[in-house]
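*Asks:* Please read through the structure below; I'll follow up with questions.
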Protein chains: 2
Amino acid sequence: MAVTMNDVARAAGVSLKTVSNVINNYEFIRPATKQRVLDAIDELGYETNLTARSLRSGKTSMLGLVLADLSIPYYAELASDIMKAAWARGYRVLVEQTGNEADHEKAALQGQFRTLTDGLLFIPLALDAEQIIAVAGKKPLVLLGEFVQDPRLDMVLIQNHQAAAAVTTHLLAGGRRRIAVLGAHDGDTAGSSGLRLEGYKAALADAGVPYDPALVVPCDWRRDGGAAATSGLLGSGVEFDAVFGLNDALALGALHELLVRGRKVPEEIAVAGFDDIDEARFASPSLTTVAPGRTEIAERAVELLIGRIESKDAALTVQQPEAAFELRVRQSAR
Amino acid sequence: MAVTMNDVARAAGVSLKTVSNVINNYEFIRPATKQRVLDAIDELGYETNLTARSLRSGKTSMLGLVLADLSIPYYAELASDIMKAAWARGYRVLVEQTGNEADHEKAALQGQFRTLTDGLLFIPLALDAEQIIAVAGKKPLVLLGEFVQDPRLDMVLIQNHQAAAAVTTHLLAGGRRRIAVLGAHDGDTAGSSGLRLEGYKAALADAGVPYDPALVVPCDWRRDGGAAATSGLLGSGVEFDAVFGLNDALALGALHELLVRGRKVPEEIAVAGFDDIDEARFASPSLTTVAPGRTEIAERAVELLIGRIESKDAALTVQQPEAAFELRVRQSAR
DNA sequence: CGCCTCGTCTGCAACGATGTATTTATCCGT
DNA sequence: ACGGATAAATACATCGTTGCAGACGAGGCG
């Protein structure tokens, strides 16, 4: 059915292996021979069967990307960047959605999915570091995202603490003194919600503004979580002149709720987020946020993972590069 | 290195082929034997090498999904639905981004990418039907999206005409008479911009409202295109009391621009879109739009493609199922 | 009691490429 | 013109699985 190397070899009057050598840019081939082979390839419309190559070589040239759901804008954008970075290095990306369920995450780390990839990029949500280490196989694994930090695992870090402090400092500089925080999870100190909250506190302390726990509202990191939390805050009578959503979805939910309730943003209440998703730029008013260097994260992660895959020497020490962040000041908090 | 069927066979004291038979649920195996094999699999942690299976069976159980860029929300959401639909049927999805460039689209249709998949789902943007037919290989191909329609190709259709008419009728019912249309491309009659414009005209005609070409503004189907077009319209002195963006990105761009310019939505000017992307629900004011049945599109497309792949009989007639749509009335146009 | 059928399991070849080792062609110096 | 080095091409085995055909033993039937 399909054209194989054998067909090409016959057409070009050389051995099968020579065709293979031409395709793999083997150094010592006479130009004339090479040309003959290339012509035959062209004429027959030959295409190398990547499946066969993978079986023989033991490499699939595919990276697995395990995340909750592509319909979440930040993940989609990150996935897009990761694919581009991988593509530029000769790798493809196979995405696996877990729907934020621990079982699916485990399955993705262990299951057959792995046999299709040379290594995994993983954005953990449900599993913690212990569980990840317990189920991870031998293939290279690089974590990214927000929730897991552990010195035993390769991962790309976001400067959660510093970036959150930068946002808070910006709000303080704008004269805000009662800054509500949405999305802090109680007891989380190592994950990014904890780190961001710490950054917030540090900035307050630096400015000599007292920390008020009543301003900190735990909720799901989604738009409706942000909206509900804001609604609760407005109803509770707690006074505040700014809202810091620990991610953009929260901030946008808050923004929406504030406008619906007739509050003026940023005049009465400033709003800021974290992530700089595409939508932040186009909200009304546009959202002040911090860009965690999404493209850089993608690049670093891909680079690190491919480095692991291609280095024979597996005994390298754990790497945890940090991506740079950037404050994006827009209308919602000048 | 890895555990193979051979290892399992030895451990269970059966032949390699019997292990294979167990894994593939071959009917005639004694329960005791089956159990012994399953135990050995469990004990050794065997996992079938999908690459080898693909090579031998000629099936990869992967579908290719070719689209412009996952960072565009509608595509990301569609991709997510497609992956879920494929997953439920035992297939994985390999995404290829083309960046809306004709060369990349061609490469995706022809190139090695295909050897990794059993069939392709393709959202064409740069190529037209002729070009697609010219470069498409023999593997199954199902189109989706908005821009190409052709009786020779399998595709899932959106009810562009009817849905656009429904939006327009809704705006008319709200008392609007001067409805601007953003994103119509001159000369496009077969593509969805043309069909949607026709739907708009038909609804006007039904209501006895005259059609004014000055209200129709061509522009890129992106947020900034919508913003720019709206800006132009406001500057031109043409009067209008509603804006119909031929997709949500356009409508959101328009919405943003109108608010920035101090126009009240929907009091002064109503806004409606097309697609019902996630963001439409959360815009301020939330966006009235039409949901083209994204999940249904994904399901139908996957079903059709897998049907093609698994039916031996390739001479089936072209299929073009239509997905149902639904008007979503929200604040921007009551 | 022998033959056939059926259920159960096995052996061999093959999918299409690449790695290793080896053979053949070409070039160089003397 | 010839030996030796090096360039160029080849042979063969192999990756881990599945398709096909067949082996083997146990019953059923005439």
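Ordered as shown in the structure tokens, chains take letters A, B, and onward, while each chain numbers its residues from 1 and ligands are numbered from 1 in the order shown.
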Using only C-alpha atoms, determine which residues of chain B fall within 7 Å of chain A; present them as a list in words.
*Replies:*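 Putting it all together, I get Glu47, Asn49, Leu50, Thr51, Ala52, Ser54, Leu55, Asp69, Leu70, Ser71, Pro73, Ala76, Glu77, Ser80, Leu94, Gln112, Thr115, Leu116, His256, Phe282 and Ser284 of chain B.
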*Asks:* Mind dumping the selected residues with C-alpha atoms as a short mmCIF file (atom, residue, chain, number, x, y, z; two decimals), in the first residue's frame?
*Replies:*
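Saved as out_12.cif:
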data_model
loop_
_atom_site.label_atom_id
_atom_site.label_comp_id
_atom_site.auth_asym_id
_atom_site.auth_seq_id
_atom_site.Cartn_x
_atom_site.Cartn_y
_atom_site.Cartn_z
CA GLU B 47 2.54 -2.14 29.48
CA ASN B 49 4.19 -0.82 23.57
CA LEU B 50 1.80 1.20 21.47
CA THR B 51 4.45 2.01 18.92
CA ALA B 52 5.00 -1.64 18.13
CA SER B 54 0.85 0.58 15.60
CA LEU B 55 3.56 -0.65 13.33
CA ASP B 69 -3.56 28.22 17.12
CA LEU B 70 -4.68 26.87 20.45
CA SER B 71 -4.36 30.27 22.02
CA PRO B 73 -10.26 30.43 22.76
CA ALA B 76 -9.00 25.61 22.37
CA GLU B 77 -12.50 24.84 23.56
CA SER B 80 -10.89 20.13 24.32
CA LEU B 94 -2.42 15.03 18.09
CA GLN B 112 4.85 13.12 8.12
CA THR B 115 1.84 8.90 9.20
CA LEU B 116 1.21 9.31 12.90
CA HIS B 256 -14.83 47.15 24.27
CA PHE B 282 -18.40 36.83 31.44
CA SER B 284 -19.50 43.18 30.96
#
*Asks:* Which residues are close to DT10 in chain D, i.e. within 9 Å by only C-alpha atoms (C1' of nucleotides), leaving aside same-chain residues fewer than 4 positions away? Reply as a JSON list (two decimals) with N, CA and C atoms (P, O5', C5', C4', C3', O3' and C1' of nucleotides), in the first residue's frame.
*Replies:*
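New file part_0.json:
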[["chain", "number", "residue", "atom", "x", "y", "z"],
["A", 14, "VAL", "N", 19.65, 1.33, -5.35],
["A", 14, "VAL", "CA", 20.59, 1.24, -4.24],
["A", 14, "VAL", "C", 19.99, 0.32, -3.18],
["A", 15, "SER", "N", 20.71, 0.12, -2.12],
["A", 15, "SER", "CA", 20.18, -0.73, -1.05],
["A", 15, "SER", "C", 19.26, 0.09, -0.14],
["A", 16, "LEU", "N", 18.43, -0.63, 0.54],
["A", 16, "LEU", "CA", 17.51, 0.00, 1.49],
["A", 16, "LEU", "C", 18.26, 0.86, 2.49],
["A", 17, "LYS", "N", 19.36, 0.34, 2.95],
["A", 17, "LYS", "CA", 20.12, 1.06, 3.98],
["A", 17, "LYS", "C", 20.66, 2.39, 3.46],
["A", 18, "THR", "N", 20.99, 2.43, 2.21],
["A", 18, "THR", "CA", 21.47, 3.69, 1.64],
["A", 18, "THR", "C", 20.38, 4.75, 1.66],
["C", 22, "DT", "P", 32.46, -7.90, 11.69],
["C", 22, "DT", "O5'", 32.22, -7.76, 10.12],
["C", 22, "DT", "C5'", 30.98, -8.24, 9.57],
["C", 22, "DT", "C4'", 30.91, -7.83, 8.11],
["C", 22, "DT", "C3'", 32.25, -7.91, 7.36],
["C", 22, "DT", "O3'", 32.08, -8.69, 6.20],
["C", 22, "DT", "C1'", 31.20, -5.84, 6.95],
["C", 23, "DT", "P", 33.36, -9.25, 5.39],
["C", 23, "DT", "O5'", 33.05, -8.78, 3.91],
["C", 23, "DT", "C5'", 31.72, -8.92, 3.37],
["C", 23, "DT", "C4'", 31.48, -7.77, 2.40],
["C", 23, "DT", "C3'", 32.47, -7.70, 1.23],
["C", 23, "DT", "O3'", 31.77, -7.86, 0.02],
["C", 23, "DT", "C1'", 32.10, -5.56, 2.20],
["C", 24, "DT", "P", 32.53, -8.17, -1.33],
["C", 24, "DT", "O5'", 32.68, -6.74, -2.00],
["C", 24, "DT", "C5'", 31.55, -6.09, -2.58],
["C", 24, "DT", "C4'", 31.87, -4.64, -2.80],
["C", 24, "DT", "C3'", 32.91, -4.34, -3.90],
["C", 24, "DT", "O3'", 32.28, -3.56, -4.88],
["C", 24, "DT", "C1'", 33.28, -3.02, -1.98]]
*Asks:* Where does chain C meet chain A within 10 Å, residue by residue, with the nearest atom pair and distance in Å to one decimal for each, counting only C-alpha atoms (C1' of nucleotides), listed by chain and rising number, as a tab-separated table?
*Replies:*
residue	atom	partner	partner_atom	distance
C:DC15	C1'	A:Ala52	CA	7.9
C:DG16	C1'	A:Ala52	CA	5.1
C:DA17	C1'	A:Arg53	CA	4.9
C:DT18	C1'	A:Arg56	CA	6.0
C:DG19	C1'	A:Ser57	CA	9.0
*Asks:* Neighbours of DT6 in chain D within 10 Å (only C-alpha atoms (C1' of nucleotides); same-chain residues fewer than 5 positions away dropped), as JSON, numbers by chain?
*Replies:* {"C": [26, 27, 28]}
*Asks:* What's the 12 Å shell around DT30 in chain C, counting only C-alpha atoms (C1' of nucleotides), without same-chain residues fewer than 2 positions away, as a list in words?
*Replies:*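 Skipping anything fewer than 2 positions along the chain leaves DC28 of chain C; DA1, DC2, DG3 and DG4 of chain D.
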*Asks:* Select from range 77-121 of chain B everything DSSP, run on the backbone, classes as alpha helix (DSSP H), then give the selection as a ChimeraX atom specification.
*Replies:* /B:77-88,102-110
*Asks:* Would you write out, as JSON lines, a table of all residues in chain D that have an atom no more than 6 Å from an atom of chain B, listing for each the closest atom pair and the distance in Å to one decimal, considering only C-alpha atoms (C1' of nucleotides) and ordering rows by chain and rising residue number?
*Replies:*
{"residue": "D:DG16", "atom": "C1'", "partner": "B:Ala52", "partner_atom": "CA", "distance": 5.1}
{"residue": "D:DT17", "atom": "C1'", "partner": "B:Arg53", "partner_atom": "CA", "distance": 4.9}
{"residue": "D:DT18", "atom": "C1'", "partner": "B:Arg56", "partner_atom": "CA", "distance": 5.9}
*Asks:* Among the residues of range 107-277 of chain B, find those DSSP assigns to strand (DSSP E) from the backbone and print them as an mmCIF file with N, CA and C atoms, in the first residue's frame.
*Replies:*
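See selection-v9.cif below for the written result:
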data_model
loop_
_atom_site.group_PDB
_atom_site.id
_atom_site.type_symbol
_atom_site.label_atom_id
_atom_site.label_comp_id
_atom_site.auth_asym_id
_atom_site.auth_seq_id
_atom_site.Cartn_x
_atom_site.Cartn_y
_atom_site.Cartn_z
ATOM 1 N N GLY B 119 -6.360 9.540 10.711
ATOM 2 C CA GLY B 119 -7.233 10.433 9.968
ATOM 3 C C GLY B 119 -7.095 11.839 10.519
ATOM 4 N N LEU B 120 -7.630 12.795 9.782
ATOM 5 C CA LEU B 120 -7.402 14.189 10.138
ATOM 6 C C LEU B 120 -8.705 14.965 10.300
ATOM 7 N N LEU B 121 -8.744 15.772 11.357
ATOM 8 C CA LEU B 121 -9.766 16.799 11.485
ATOM 9 C C LEU B 121 -9.075 18.110 11.152
ATOM 10 N N PHE B 122 -9.693 18.887 10.304
ATOM 11 C CA PHE B 122 -8.981 20.052 9.770
ATOM 12 C C PHE B 122 -9.908 21.259 9.799
ATOM 13 N N LEU B 141 -10.410 12.377 5.977
ATOM 14 C CA LEU B 141 -10.277 13.798 6.294
ATOM 15 C C LEU B 141 -11.666 14.369 6.524
ATOM 16 N N VAL B 142 -11.838 15.039 7.652
ATOM 17 C CA VAL B 142 -13.114 15.688 7.927
ATOM 18 C C VAL B 142 -12.832 17.153 8.237
ATOM 19 N N LEU B 143 -13.549 18.031 7.559
ATOM 20 C CA LEU B 143 -13.345 19.455 7.791
ATOM 21 C C LEU B 143 -14.330 19.969 8.827
ATOM 22 N N LEU B 157 -21.230 20.805 9.370
ATOM 23 C CA LEU B 157 -21.704 22.139 9.038
ATOM 24 C C LEU B 157 -22.312 22.857 10.238
ATOM 25 N N ILE B 158 -22.114 24.148 10.232
ATOM 26 C CA ILE B 158 -22.817 25.022 11.162
ATOM 27 C C ILE B 158 -23.982 25.626 10.394
ATOM 28 N N ILE B 179 -28.787 47.896 12.102
ATOM 29 C CA ILE B 179 -27.873 46.890 12.661
ATOM 30 C C ILE B 179 -26.596 46.791 11.830
ATOM 31 N N ALA B 180 -25.495 47.238 12.424
ATOM 32 C CA ALA B 180 -24.209 47.131 11.728
ATOM 33 C C ALA B 180 -23.708 45.691 11.776
ATOM 34 N N VAL B 181 -23.018 45.279 10.717
ATOM 35 C CA VAL B 181 -22.462 43.923 10.657
ATOM 36 C C VAL B 181 -20.945 44.015 10.531
ATOM 37 N N LEU B 182 -20.236 43.383 11.425
ATOM 38 C CA LEU B 182 -18.766 43.415 11.373
ATOM 39 C C LEU B 182 -18.215 42.082 10.876
ATOM 40 N N VAL B 216 -22.378 47.524 6.640
ATOM 41 C CA VAL B 216 -21.598 46.286 6.578
ATOM 42 C C VAL B 216 -20.110 46.598 6.473
ATOM 43 N N VAL B 217 -19.357 46.215 7.491
ATOM 44 C CA VAL B 217 -17.938 46.563 7.546
ATOM 45 C C VAL B 217 -17.065 45.305 7.474
ATOM 46 N N ALA B 242 -27.315 48.952 16.714
ATOM 47 C CA ALA B 242 -26.912 47.606 17.118
ATOM 48 C C ALA B 242 -25.689 47.194 16.312
ATOM 49 N N VAL B 243 -24.899 46.302 16.891
ATOM 50 C CA VAL B 243 -23.753 45.747 16.179
ATOM 51 C C VAL B 243 -23.856 44.225 16.234
ATOM 52 N N PHE B 244 -23.732 43.610 15.072
ATOM 53 C CA PHE B 244 -23.713 42.147 14.999
ATOM 54 C C PHE B 244 -22.318 41.731 14.531
ATOM 55 N N GLY B 245 -21.537 41.202 15.458
ATOM 56 C CA GLY B 245 -20.216 40.706 15.077
ATOM 57 C C GLY B 245 -20.359 39.294 14.542
ATOM 58 N N ALA B 270 -27.039 47.974 20.962
ATOM 59 C CA ALA B 270 -27.010 46.561 21.342
ATOM 60 C C ALA B 270 -25.847 45.876 20.625
ATOM 61 N N VAL B 271 -25.327 44.812 21.245
ATOM 62 C CA VAL B 271 -24.232 44.070 20.616
ATOM 63 C C VAL B 271 -24.554 42.578 20.657
ATOM 64 N N ALA B 272 -24.306 41.908 19.546
ATOM 65 C CA ALA B 272 -24.488 40.459 19.517
ATOM 66 C C ALA B 272 -23.344 39.823 18.736
#
*Asks:* Would you pick out the contacts of Gly273 in chain A at 8 Å or less, using only C-alpha atoms (C1' of nucleotides), so that residues sharing its chain but fewer than 3 positions from it are not included, and give the list as a PyMOL selection string?
*Replies:* chain A and resi 244-252+276+287-290
*Asks:* With N, CA and C atoms retained, export the selected residues as a tab-separated table (two decimals), in the first residue's frame.
*Replies:*
chain	number	residue	atom	x	y	z
A	244	PHE	N	-7.27	41.96	44.75
A	244	PHE	CA	-6.17	41.27	44.09
A	244	PHE	C	-6.59	39.82	43.91
A	245	GLY	N	-6.88	39.46	42.66
A	245	GLY	CA	-7.22	38.06	42.38
A	245	GLY	C	-5.93	37.28	42.19
A	246	LEU	N	-5.83	36.16	42.86
A	246	LEU	CA	-4.57	35.41	42.77
A	246	LEU	C	-4.37	34.78	41.39
A	247	ASN	N	-5.41	34.79	40.58
A	247	ASN	CA	-5.17	34.63	39.14
A	247	ASN	C	-6.15	35.50	38.36
A	248	ASP	N	-5.97	35.54	37.05
A	248	ASP	CA	-6.78	36.46	36.26
A	248	ASP	C	-8.24	36.06	36.22
A	249	ALA	N	-8.50	34.78	36.22
A	249	ALA	CA	-9.89	34.35	36.18
A	249	ALA	C	-10.64	34.91	37.39
A	250	LEU	N	-10.00	34.81	38.56
A	250	LEU	CA	-10.60	35.36	39.77
A	250	LEU	C	-10.81	36.86	39.63
A	251	ALA	N	-9.79	37.55	39.14
A	251	ALA	CA	-9.87	39.01	39.02
A	251	ALA	C	-10.97	39.41	38.04
A	252	LEU	N	-11.09	38.65	36.95
A	252	LEU	CA	-12.12	38.98	35.97
A	252	LEU	C	-13.51	38.70	36.53
A	276	ASP	N	-1.80	37.34	33.35
A	276	ASP	CA	-1.86	38.03	32.06
A	276	ASP	C	-2.35	37.13	30.94
A	287	LEU	N	-7.44	44.79	32.38
A	287	LEU	CA	-7.02	44.32	33.70
A	287	LEU	C	-5.52	44.48	33.96
A	288	THR	N	-5.22	45.14	35.06
A	288	THR	CA	-3.84	45.19	35.53
A	288	THR	C	-3.48	43.82	36.10
A	289	THR	N	-2.33	43.32	35.70
A	289	THR	CA	-1.99	41.95	36.12
A	289	THR	C	-0.48	41.77	36.01
A	290	VAL	N	-0.04	40.59	36.33
A	290	VAL	CA	1.38	40.32	36.22
A	290	VAL	C	1.56	39.16	35.24
*Asks:* Could you tell me how far CA of Arg281 in chain A sits from CA of Phe240 in chain A, in Å to one decimal place?
*Replies:*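 According to the coordinates, CA of Phe240 in chain A and CA of Arg281 in chain A are separated by 24.1 Å.
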*Asks:* With only C-alpha atoms (C1' of nucleotides) as the counted atoms, please give the residues lying no more than 12 Å from DA21 in chain C, apart from itself and same-chain residues fewer than 5 positions off, as a ChimeraX atom specification.
*Replies:* /D:10-13
*Asks:* Next, the residues of the selection above should be written as a compact mmCIF listing (two decimals), in the first residue's frame with C-alpha atoms (C1' of nucleotides).
*Replies:*
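The resulting again_4.txt:
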# COMPACT_ATOMS: atom_id res chain seq x y z
C1' DT D 10 25.54 -3.10 1.72
C1' DA D 11 23.76 -7.43 4.68
C1' DC D 12 21.73 -8.98 8.44
C1' DA D 13 19.66 -8.87 12.71
*Asks:* Excluding same-chain residues fewer than 2 positions from Arg36 in chain B, what lies within 10 Å of it counting only C-alpha atoms (C1' of nucleotides), as a list of chain:residue names?
*Replies:*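 Selected residues are B:Val8, B:Ala9, B:Ala11, B:Ala12, B:Gly13, B:Val14, B:Val19, B:Pro31, B:Ala32, B:Thr33, B:Lys34, B:Leu38, B:Asp39, B:Ala40, B:Ile41, B:Asp42.
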*Asks:* For the residues in the current selection, export C-alpha atoms as an mmCIF file, in the first residue's frame.
*Replies:*
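File produced: selection.cif:
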data_model
loop_
_atom_site.group_PDB
_atom_site.id
_atom_site.type_symbol
_atom_site.label_atom_id
_atom_site.label_comp_id
_atom_site.auth_asym_id
_atom_site.auth_seq_id
_atom_site.Cartn_x
_atom_site.Cartn_y
_atom_site.Cartn_z
ATOM 1 C CA VAL B 8 5.196 -11.862 30.654
ATOM 2 C CA ALA B 9 4.892 -15.053 28.639
ATOM 3 C CA ALA B 11 6.568 -15.573 33.799
ATOM 4 C CA ALA B 12 3.136 -17.011 33.114
ATOM 5 C CA GLY B 13 4.443 -20.117 31.431
ATOM 6 C CA VAL B 14 2.577 -19.548 28.195
ATOM 7 C CA VAL B 19 -0.289 -13.036 26.147
ATOM 8 C CA PRO B 31 -10.181 -18.477 32.529
ATOM 9 C CA ALA B 32 -7.346 -20.030 34.496
ATOM 10 C CA THR B 33 -4.818 -19.224 31.778
ATOM 11 C CA LYS B 34 -6.145 -15.741 31.418
ATOM 12 C CA LEU B 38 -3.080 -11.102 34.020
ATOM 13 C CA ASP B 39 -1.264 -11.811 37.255
ATOM 14 C CA ALA B 40 2.061 -11.878 35.480
ATOM 15 C CA ILE B 41 1.246 -8.602 33.755
ATOM 16 C CA ASP B 42 0.421 -7.075 37.079
#
*Asks:* Using only C-alpha atoms, can you tell me which of A:Val135, A:Ala280, A:Asp150, A:Asp118 comes closest to Asp103 in chain A?
*Replies:*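 Of A:Val135, A:Ala280, A:Asp150, A:Asp118, the one nearest Asp103 in chain A, counting only C-alpha atoms, is A:Val135.
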